[in-house]
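**Student:** Okay, so here is input-v7.csv, and as you'll see once you scroll down, it has CSV, N, CA and C atoms.
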chain,number,residue,atom,x,y,z
X,1,MET,N,-46.1,10.7,-29.1
X,1,MET,CA,-46.4,11.8,-28.2
X,1,MET,C,-45.8,13.0,-28.8
X,2,LYS,N,-46.6,14.1,-28.8
X,2,LYS,CA,-46.2,15.4,-29.3
X,2,LYS,C,-46.0,16.3,-28.2
X,3,LEU,N,-45.3,17.4,-28.4
X,3,LEU,CA,-44.9,18.4,-27.4
X,3,LEU,C,-46.2,19.1,-26.8
X,4,PRO,N,-47.2,19.4,-27.6
X,4,PRO,CA,-48.4,20.0,-27.0
X,4,PRO,C,-49.1,19.1,-26.1
X,5,ASP,N,-49.0,17.7,-26.3
X,5,ASP,CA,-49.6,16.8,-25.4
X,5,ASP,C,-48.9,16.6,-24.0
X,6,VAL,N,-47.7,17.1,-23.9
X,6,VAL,CA,-46.9,17.0,-22.7
X,6,VAL,C,-47.1,18.2,-21.8
X,7,GLU,N,-47.3,17.9,-20.5
X,7,GLU,CA,-47.4,19.1,-19.6
X,7,GLU,C,-46.0,19.5,-19.2
X,8,LEU,N,-45.7,20.7,-19.5
X,8,LEU,CA,-44.4,21.3,-19.2
X,8,LEU,C,-44.3,21.6,-17.7
X,9,PRO,N,-43.1,21.4,-17.1
X,9,PRO,CA,-42.9,21.9,-15.7
X,9,PRO,C,-42.9,23.4,-15.7
X,10,SER,N,-43.1,24.0,-14.5
X,10,SER,CA,-43.2,25.4,-14.5
X,10,SER,C,-41.9,26.0,-14.9
X,11,ASN,N,-41.9,27.2,-15.3
X,11,ASN,CA,-40.7,27.9,-15.8
X,11,ASN,C,-39.7,28.1,-14.6
X,12,ARG,N,-40.3,28.3,-13.4
X,12,ARG,CA,-39.5,28.5,-12.2
X,12,ARG,C,-38.7,27.2,-11.9
X,13,LYS,N,-39.4,26.1,-11.9
X,13,LYS,CA,-38.7,24.8,-11.6
X,13,LYS,C,-37.6,24.6,-12.6
X,14,PHE,N,-37.9,24.9,-13.9
X,14,PHE,CA,-36.9,24.8,-15.0
X,14,PHE,C,-35.7,25.6,-14.7
X,15,GLY,N,-36.0,26.9,-14.3
X,15,GLY,CA,-34.9,27.8,-14.0
X,15,GLY,C,-34.0,27.4,-12.8
X,16,TYR,N,-34.7,27.0,-11.8
X,16,TYR,CA,-34.0,26.5,-10.6
X,16,TYR,C,-33.2,25.2,-10.9
X,17,PHE,N,-33.7,24.4,-11.7
X,17,PHE,CA,-33.0,23.1,-12.1
X,17,PHE,C,-31.7,23.5,-12.8
X,18,PHE,N,-31.8,24.3,-13.8
X,18,PHE,CA,-30.6,24.6,-14.6
X,18,PHE,C,-29.7,25.5,-13.9
X,19,THR,N,-30.1,26.3,-12.9
X,19,THR,CA,-29.2,27.0,-12.0
X,19,THR,C,-28.4,26.0,-11.3
X,20,PHE,N,-29.0,25.0,-10.7
X,20,PHE,CA,-28.4,23.9,-10.0
X,20,PHE,C,-27.4,23.2,-10.9
X,21,VAL,N,-27.8,22.8,-12.1
X,21,VAL,CA,-27.0,22.1,-13.0
X,21,VAL,C,-25.7,22.9,-13.3
X,22,PHE,N,-25.8,24.1,-13.6
X,22,PHE,CA,-24.7,24.9,-13.9
X,22,PHE,C,-23.8,25.2,-12.7
X,23,LEU,N,-24.3,25.2,-11.5
X,23,LEU,CA,-23.5,25.3,-10.3
X,23,LEU,C,-22.7,24.0,-10.1
X,24,VAL,N,-23.3,22.9,-10.3
X,24,VAL,CA,-22.6,21.6,-10.2
X,24,VAL,C,-21.5,21.5,-11.3
X,25,VAL,N,-21.8,22.0,-12.5
X,25,VAL,CA,-20.8,21.9,-13.6
X,25,VAL,C,-19.6,22.9,-13.2
X,26,ALA,N,-20.0,24.1,-12.6
X,26,ALA,CA,-18.9,25.0,-12.2
X,26,ALA,C,-18.0,24.4,-11.1
X,27,TRP,N,-18.7,23.8,-10.1
X,27,TRP,CA,-17.9,23.1,-9.1
X,27,TRP,C,-17.0,22.1,-9.6
X,28,ARG,N,-17.5,21.3,-10.5
X,28,ARG,CA,-16.7,20.2,-11.1
X,28,ARG,C,-15.5,20.8,-12.0
X,29,LEU,N,-15.8,21.9,-12.7
X,29,LEU,CA,-14.7,22.5,-13.5
X,29,LEU,C,-13.7,23.1,-12.6
X,30,PHE,N,-14.1,23.7,-11.4
X,30,PHE,CA,-13.1,24.2,-10.5
X,30,PHE,C,-12.2,23.1,-9.9
X,31,THR,N,-12.8,22.0,-9.6
X,31,THR,CA,-12.0,20.9,-9.0
X,31,THR,C,-11.1,20.2,-9.9
X,32,THR,N,-11.4,20.3,-11.2
X,32,THR,CA,-10.5,19.7,-12.2
X,32,THR,C,-9.4,20.7,-12.7
X,33,GLY,N,-9.5,21.9,-12.4
X,33,GLY,CA,-8.5,22.9,-12.8
X,33,GLY,C,-8.9,23.8,-14.0
X,34,SER,N,-10.1,23.7,-14.4
X,34,SER,CA,-10.5,24.6,-15.6
X,34,SER,C,-11.3,25.8,-15.0
X,35,ALA,N,-10.5,26.7,-14.5
X,35,ALA,CA,-11.1,27.9,-13.8
X,35,ALA,C,-11.9,28.8,-14.8
X,36,ALA,N,-11.4,29.0,-16.0
X,36,ALA,CA,-12.1,29.9,-16.9
X,36,ALA,C,-13.4,29.3,-17.2
X,37,LEU,N,-13.5,28.0,-17.5
X,37,LEU,CA,-14.8,27.5,-17.8
X,37,LEU,C,-15.7,27.4,-16.6
X,38,GLY,N,-15.1,27.3,-15.4
X,38,GLY,CA,-15.8,27.3,-14.2
X,38,GLY,C,-16.5,28.7,-13.9
X,39,TYR,N,-15.8,29.7,-14.2
X,39,TYR,CA,-16.3,31.1,-14.1
X,39,TYR,C,-17.4,31.3,-15.1
X,40,LEU,N,-17.3,30.8,-16.3
X,40,LEU,CA,-18.3,30.9,-17.3
X,40,LEU,C,-19.6,30.2,-16.9
X,41,SER,N,-19.4,29.0,-16.3
X,41,SER,CA,-20.6,28.3,-15.8
X,41,SER,C,-21.2,29.0,-14.7
X,42,LEU,N,-20.4,29.6,-13.8
X,42,LEU,CA,-21.0,30.4,-12.7
X,42,LEU,C,-21.8,31.6,-13.2
X,43,ILE,N,-21.3,32.2,-14.2
X,43,ILE,CA,-22.1,33.3,-14.8
X,43,ILE,C,-23.4,32.9,-15.4
X,44,VAL,N,-23.4,31.7,-16.1
X,44,VAL,CA,-24.6,31.2,-16.7
X,44,VAL,C,-25.6,30.8,-15.6
X,45,ALA,N,-25.1,30.2,-14.5
X,45,ALA,CA,-25.9,29.9,-13.4
X,45,ALA,C,-26.6,31.1,-12.8
X,46,ALA,N,-25.8,32.2,-12.6
X,46,ALA,CA,-26.3,33.5,-12.1
X,46,ALA,C,-27.3,34.1,-13.0
X,47,VAL,N,-27.1,34.0,-14.3
X,47,VAL,CA,-28.1,34.5,-15.2
X,47,VAL,C,-29.4,33.7,-15.1
X,48,PHE,N,-29.3,32.4,-15.1
X,48,PHE,CA,-30.5,31.6,-14.9
X,48,PHE,C,-31.2,31.9,-13.6
X,49,LEU,N,-30.5,32.1,-12.5
X,49,LEU,CA,-31.1,32.4,-11.3
X,49,LEU,C,-31.8,33.8,-11.3
X,50,LEU,N,-31.2,34.8,-11.9
X,50,LEU,CA,-31.8,36.1,-12.0
X,50,LEU,C,-33.0,36.1,-12.8
X,51,VAL,N,-32.9,35.4,-14.0
X,51,VAL,CA,-34.1,35.4,-14.9
X,51,VAL,C,-35.2,34.6,-14.2
X,52,THR,N,-34.9,33.6,-13.5
X,52,THR,CA,-35.9,32.8,-12.8
X,52,THR,C,-36.6,33.6,-11.7
X,53,LEU,N,-35.8,34.4,-10.9
X,53,LEU,CA,-36.4,35.2,-9.9
X,53,LEU,C,-37.2,36.4,-10.4
X,54,ILE,N,-36.7,37.0,-11.4
X,54,ILE,CA,-37.3,38.3,-11.9
X,54,ILE,C,-38.4,38.1,-12.9
X,55,LYS,N,-38.2,37.3,-14.0
X,55,LYS,CA,-39.2,37.1,-15.0
X,55,LYS,C,-39.0,35.7,-15.6
X,56,ALA,N,-39.7,34.7,-14.9
X,56,ALA,CA,-39.5,33.3,-15.3
X,56,ALA,C,-40.2,33.0,-16.7
X,57,ASP,N,-41.1,33.9,-17.1
X,57,ASP,CA,-41.7,33.6,-18.4
X,57,ASP,C,-40.7,33.7,-19.6
X,58,LEU,N,-39.6,34.3,-19.4
X,58,LEU,CA,-38.6,34.3,-20.5
X,58,LEU,C,-38.0,33.0,-20.7
X,59,LEU,N,-38.1,32.0,-19.8
X,59,LEU,CA,-37.5,30.7,-19.9
X,59,LEU,C,-38.4,29.7,-20.7
X,60,LEU,N,-39.6,30.2,-21.1
X,60,LEU,CA,-40.6,29.3,-21.8
X,60,LEU,C,-40.0,28.6,-23.0
X,61,PRO,N,-39.4,29.4,-23.9
X,61,PRO,CA,-38.8,28.7,-25.1
X,61,PRO,C,-37.7,27.7,-24.8
X,62,LEU,N,-36.9,28.0,-23.8
X,62,LEU,CA,-35.9,27.0,-23.4
X,62,LEU,C,-36.5,25.8,-22.8
X,63,ASN,N,-37.6,26.0,-22.0
X,63,ASN,CA,-38.3,24.9,-21.4
X,63,ASN,C,-38.9,24.0,-22.4
X,64,LYS,N,-39.5,24.6,-23.4
X,64,LYS,CA,-40.1,23.8,-24.5
X,64,LYS,C,-39.0,23.1,-25.3
X,65,GLY,N,-37.9,23.7,-25.6
X,65,GLY,CA,-36.8,23.1,-26.3
X,65,GLY,C,-36.3,21.9,-25.6
X,66,TRP,N,-36.1,22.1,-24.3
X,66,TRP,CA,-35.5,21.0,-23.4
X,66,TRP,C,-36.5,19.8,-23.4
X,67,MET,N,-37.8,20.1,-23.3
X,67,MET,CA,-38.8,19.0,-23.3
X,67,MET,C,-38.8,18.3,-24.7
X,68,ALA,N,-38.7,19.1,-25.8
X,68,ALA,CA,-38.6,18.5,-27.1
X,68,ALA,C,-37.4,17.6,-27.3
X,69,ILE,N,-36.3,18.0,-26.8
X,69,ILE,CA,-35.1,17.2,-26.8
X,69,ILE,C,-35.3,15.9,-26.0
X,70,GLY,N,-36.0,16.0,-24.9
X,70,GLY,CA,-36.3,14.8,-24.1
X,70,GLY,C,-37.2,13.8,-24.8
X,71,LEU,N,-38.2,14.4,-25.5
X,71,LEU,CA,-39.1,13.5,-26.2
X,71,LEU,C,-38.4,12.8,-27.4
X,72,VAL,N,-37.6,13.5,-28.1
X,72,VAL,CA,-36.8,12.9,-29.2
X,72,VAL,C,-35.9,11.8,-28.7
X,73,LEU,N,-35.2,12.1,-27.6
X,73,LEU,CA,-34.3,11.2,-27.0
X,73,LEU,C,-35.0,9.9,-26.5
X,74,GLY,N,-36.2,10.1,-25.9
X,74,GLY,CA,-37.0,9.0,-25.5
X,74,GLY,C,-37.5,8.1,-26.6
X,75,MET,N,-37.8,8.7,-27.8
X,75,MET,CA,-38.2,8.0,-28.9
X,75,MET,C,-37.1,7.2,-29.5
X,76,ILE,N,-35.9,7.6,-29.3
X,76,ILE,CA,-34.7,6.9,-29.9
X,76,ILE,C,-34.2,5.8,-28.9
X,77,VAL,N,-34.1,6.2,-27.6
X,77,VAL,CA,-33.5,5.3,-26.6
X,77,VAL,C,-34.4,4.1,-26.2
X,78,SER,N,-35.7,4.4,-26.1
X,78,SER,CA,-36.6,3.3,-25.6
X,78,SER,C,-36.6,2.1,-26.5
X,79,PRO,N,-36.7,2.2,-27.9
X,79,PRO,CA,-36.7,1.0,-28.7
X,79,PRO,C,-35.4,0.3,-28.6
X,80,ILE,N,-34.3,1.0,-28.4
X,80,ILE,CA,-33.0,0.4,-28.3
X,80,ILE,C,-32.9,-0.4,-27.1
X,81,VAL,N,-33.3,0.2,-25.9
X,81,VAL,CA,-33.2,-0.5,-24.7
X,81,VAL,C,-34.1,-1.7,-24.7
X,82,LEU,N,-35.3,-1.6,-25.2
X,82,LEU,CA,-36.3,-2.7,-25.3
X,82,LEU,C,-35.7,-3.8,-26.2
X,83,GLY,N,-35.1,-3.4,-27.3
X,83,GLY,CA,-34.5,-4.4,-28.2
X,83,GLY,C,-33.4,-5.2,-27.5
X,84,VAL,N,-32.5,-4.4,-26.8
X,84,VAL,CA,-31.4,-5.1,-26.1
X,84,VAL,C,-31.9,-6.1,-25.1
X,85,ILE,N,-33.0,-5.7,-24.3
X,85,ILE,CA,-33.6,-6.6,-23.3
X,85,ILE,C,-34.1,-7.8,-24.0
X,86,TYR,N,-34.9,-7.6,-25.1
X,86,TYR,CA,-35.5,-8.7,-25.8
X,86,TYR,C,-34.5,-9.7,-26.4
X,87,PHE,N,-33.6,-9.1,-27.2
X,87,PHE,CA,-32.7,-10.0,-27.9
X,87,PHE,C,-31.5,-10.4,-27.0
X,88,GLY,N,-31.2,-9.7,-25.9
X,88,GLY,CA,-30.2,-10.1,-25.0
X,88,GLY,C,-30.6,-11.0,-23.9
X,89,LEU,N,-31.9,-11.0,-23.5
X,89,LEU,CA,-32.3,-11.8,-22.4
X,89,LEU,C,-33.3,-12.8,-22.8
X,90,PHE,N,-34.4,-12.4,-23.4
X,90,PHE,CA,-35.5,-13.4,-23.7
X,90,PHE,C,-35.1,-14.4,-24.8
X,91,THR,N,-34.4,-13.9,-25.9
X,91,THR,CA,-34.1,-14.8,-27.0
X,91,THR,C,-33.1,-15.9,-26.5
X,92,PRO,N,-32.0,-15.6,-25.8
X,92,PRO,CA,-31.2,-16.7,-25.3
X,92,PRO,C,-31.9,-17.7,-24.4
X,93,VAL,N,-32.7,-17.2,-23.5
X,93,VAL,CA,-33.5,-18.1,-22.6
X,93,VAL,C,-34.4,-19.0,-23.4
X,94,SER,N,-35.1,-18.4,-24.4
X,94,SER,CA,-36.0,-19.2,-25.3
X,94,SER,C,-35.2,-20.3,-26.1
X,95,LEU,N,-34.0,-19.9,-26.6
X,95,LEU,CA,-33.2,-20.9,-27.3
X,95,LEU,C,-32.7,-22.0,-26.4
X,96,ALA,N,-32.4,-21.6,-25.2
X,96,ALA,CA,-31.9,-22.7,-24.3
X,96,ALA,C,-33.1,-23.6,-23.9
X,97,MET,N,-34.3,-23.1,-23.7
X,97,MET,CA,-35.4,-23.9,-23.4
X,97,MET,C,-35.8,-24.8,-24.5
X,98,LYS,N,-35.7,-24.3,-25.8
X,98,LYS,CA,-36.0,-25.1,-26.9
X,98,LYS,C,-34.9,-26.2,-27.1
X,99,ALA,N,-33.7,-25.9,-26.8
X,99,ALA,CA,-32.6,-26.9,-26.9
X,99,ALA,C,-32.8,-28.0,-25.8
X,100,ALA,N,-33.4,-27.6,-24.7
X,100,ALA,CA,-33.6,-28.6,-23.6
X,100,ALA,C,-34.9,-29.4,-23.8
X,101,GLY,N,-35.7,-29.0,-24.8
X,101,GLY,CA,-36.9,-29.7,-25.1
X,101,GLY,C,-38.1,-29.3,-24.2
X,102,ARG,N,-38.1,-28.2,-23.6
X,102,ARG,CA,-39.1,-27.8,-22.7
X,102,ARG,C,-40.3,-27.2,-23.5
X,103,ASP,N,-41.5,-27.4,-23.1
X,103,ASP,CA,-42.7,-26.9,-23.8
X,103,ASP,C,-43.6,-26.4,-22.7
X,104,GLU,N,-43.3,-25.2,-22.2
X,104,GLU,CA,-44.0,-24.7,-21.0
X,104,GLU,C,-45.5,-24.3,-21.3
X,105,LEU,N,-45.8,-23.9,-22.6
X,105,LEU,CA,-47.1,-23.6,-22.9
X,105,LEU,C,-47.9,-24.8,-23.4
X,106,GLY,N,-47.3,-25.9,-23.6
X,106,GLY,CA,-48.0,-27.1,-24.0
X,106,GLY,C,-48.5,-26.9,-25.5
X,107,LEU,N,-47.7,-26.4,-26.3
X,107,LEU,CA,-48.0,-26.1,-27.7
X,107,LEU,C,-47.8,-27.3,-28.6
X,108,LYS,N,-47.0,-28.3,-28.2
X,108,LYS,CA,-46.7,-29.4,-29.0
X,108,LYS,C,-47.9,-30.4,-29.0
X,109,LEU,N,-48.4,-30.7,-30.2
X,109,LEU,CA,-49.6,-31.6,-30.2
X,109,LEU,C,-49.1,-33.0,-30.1
X,110,LYS,N,-49.8,-33.8,-29.3
X,110,LYS,CA,-49.5,-35.2,-29.2
X,110,LYS,C,-50.5,-36.0,-30.0
X,111,ARG,N,-50.1,-37.1,-30.5
X,111,ARG,CA,-51.0,-37.9,-31.3
X,111,ARG,C,-51.9,-38.8,-30.3
X,112,THR,N,-53.0,-38.2,-30.0
X,112,THR,CA,-53.9,-38.9,-29.1
X,112,THR,C,-55.3,-38.8,-29.7
X,113,GLY,N,-56.2,-39.5,-29.1
X,113,GLY,CA,-57.6,-39.4,-29.6
X,113,GLY,C,-58.2,-38.0,-29.2
X,114,SER,N,-57.8,-37.3,-28.2
X,114,SER,CA,-58.3,-36.1,-27.8
X,114,SER,C,-57.2,-35.2,-27.2
X,115,HIS,N,-57.4,-33.9,-27.4
X,115,HIS,CA,-56.5,-32.9,-26.9
X,115,HIS,C,-56.9,-32.3,-25.5
X,116,TRP,N,-57.9,-32.9,-24.9
X,116,TRP,CA,-58.3,-32.5,-23.6
X,116,TRP,C,-57.3,-32.9,-22.6
X,117,LYS,N,-57.1,-32.0,-21.6
X,117,LYS,CA,-56.1,-32.3,-20.6
X,117,LYS,C,-56.8,-32.9,-19.4
X,118,MET,N,-56.5,-34.0,-18.9
X,118,MET,CA,-57.1,-34.7,-17.8
X,118,MET,C,-56.5,-34.2,-16.5
X,119,ARG,N,-57.3,-33.7,-15.6
X,119,ARG,CA,-56.8,-33.2,-14.3
X,119,ARG,C,-56.7,-34.3,-13.4
X,120,GLU,N,-55.6,-34.3,-12.6
X,120,GLU,CA,-55.4,-35.3,-11.6
X,120,GLU,C,-56.2,-35.0,-10.3
X,121,ASP,N,-56.3,-33.7,-10.0
X,121,ASP,CA,-57.0,-33.3,-8.8
X,121,ASP,C,-58.3,-32.7,-9.2
X,122,ALA,N,-59.2,-33.5,-9.8
X,122,ALA,CA,-60.5,-33.0,-10.2
X,122,ALA,C,-61.3,-32.5,-9.0
X,123,ALA,N,-62.0,-31.4,-9.3
X,123,ALA,CA,-62.8,-30.8,-8.3
X,123,ALA,C,-64.0,-31.6,-7.9
X,124,ALA,N,-64.4,-31.6,-6.7
X,124,ALA,CA,-65.6,-32.4,-6.3
X,124,ALA,C,-66.8,-31.7,-6.8
X,125,ALA,N,-67.9,-32.5,-7.0
X,125,ALA,CA,-69.1,-31.9,-7.6
X,125,ALA,C,-69.7,-30.7,-6.8
X,126,GLY,N,-69.6,-30.7,-5.5
X,126,GLY,CA,-70.2,-29.7,-4.7
X,126,GLY,C,-69.2,-28.6,-4.3
X,127,SER,N,-68.0,-28.6,-4.8
X,127,SER,CA,-67.0,-27.6,-4.3
X,127,SER,C,-67.2,-26.2,-4.9
X,128,PHE,N,-68.1,-26.0,-5.9
X,128,PHE,CA,-68.3,-24.7,-6.4
X,128,PHE,C,-69.5,-24.0,-5.8
X,129,LYS,N,-70.3,-24.7,-4.9
X,129,LYS,CA,-71.4,-24.1,-4.3
X,129,LYS,C,-70.9,-23.3,-3.0
X,130,ASN,N,-71.6,-22.2,-2.8
X,130,ASN,CA,-71.3,-21.3,-1.6
X,130,ASN,C,-69.8,-21.0,-1.6
X,131,GLN,N,-69.4,-20.3,-2.6
X,131,GLN,CA,-67.9,-20.0,-2.7
X,131,GLN,C,-67.5,-18.9,-1.8
X,132,PHE,N,-68.5,-18.0,-1.4
X,132,PHE,CA,-68.1,-16.9,-0.6
X,132,PHE,C,-68.7,-16.9,0.7
Show me this structure written as structure tokens.
**Tutor:**
Amino acid sequence: MKLPDVELPSNRKFGYFFTFVFLVVAWRLFTTGSAALGYLSLIVAAVFLLVTLIKADLLLPLNKGWMAIGLVLGMIVSPIVLGVIYFGLFTPVSLAMKAAGRDELGLKLKRTGSHWKMREDAAAAGSFKNQF
């Protein structure tokens, strides 16, 4: 997936979101005792809010950059998560089932005259008429 294929959120939503993010960061910095960094984060939040309210189009390059970072991060993280799920969950279950001798799909061929599976509960001859 490429950046032109992705629909960007509006610049106003982007601006409000980052205003909120920097306000939360400022609050966290004030509670941990880093007042100088807290004030800096408050200033950045105020700048984001002013730009969002006055001219939100100025946030377009930042919006595109943020979305590009998200796409790259998704391309890296998704295969890792899927690999962990596959090799951490499905592979051990498969090995345990093979060790127990289970054949859920019936792939083992038996030496018989035919490979047809005989049904024990065979359908009656007229059971398929007037189905609905």
**Student:** Could you check which of X:Ile80, X:Ala35, X:Leu73, X:Val21 is closest to Leu49 (chain X), using only C-alpha atoms?
**Tutor:**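 Of X:Ile80, X:Ala35, X:Leu73, X:Val21, the one nearest Leu49 (chain X) is X:Val21, counting only C-alpha atoms.
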**Student:** Mind pulling up the distance from CA of Pro61 (chain X) to CA of Leu40 (chain X)?
**Tutor:** 22.0 Å
**Student:** DSSP says helix (DSSP H, G or I) for which residues of region 2-107 of chain X? Put them as a ChimeraX atom specification?
**Tutor:** /X:3-5,11-32,35-54,56-100
**Student:** Would you work out the distance separating CA of Lys64 (chain X) from CA of Ser78 (chain X), expressed in Å to one decimal?
**Tutor:** 20.8 Å
**Student:** With only C-alpha atoms as the atoms that count, which of X:Leu109, X:Met67, X:Ile54, X:Val44 lies nearest to Pro9 (chain X)?
**Tutor:**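 Closest residue, counting only C-alpha atoms: X:Met67.
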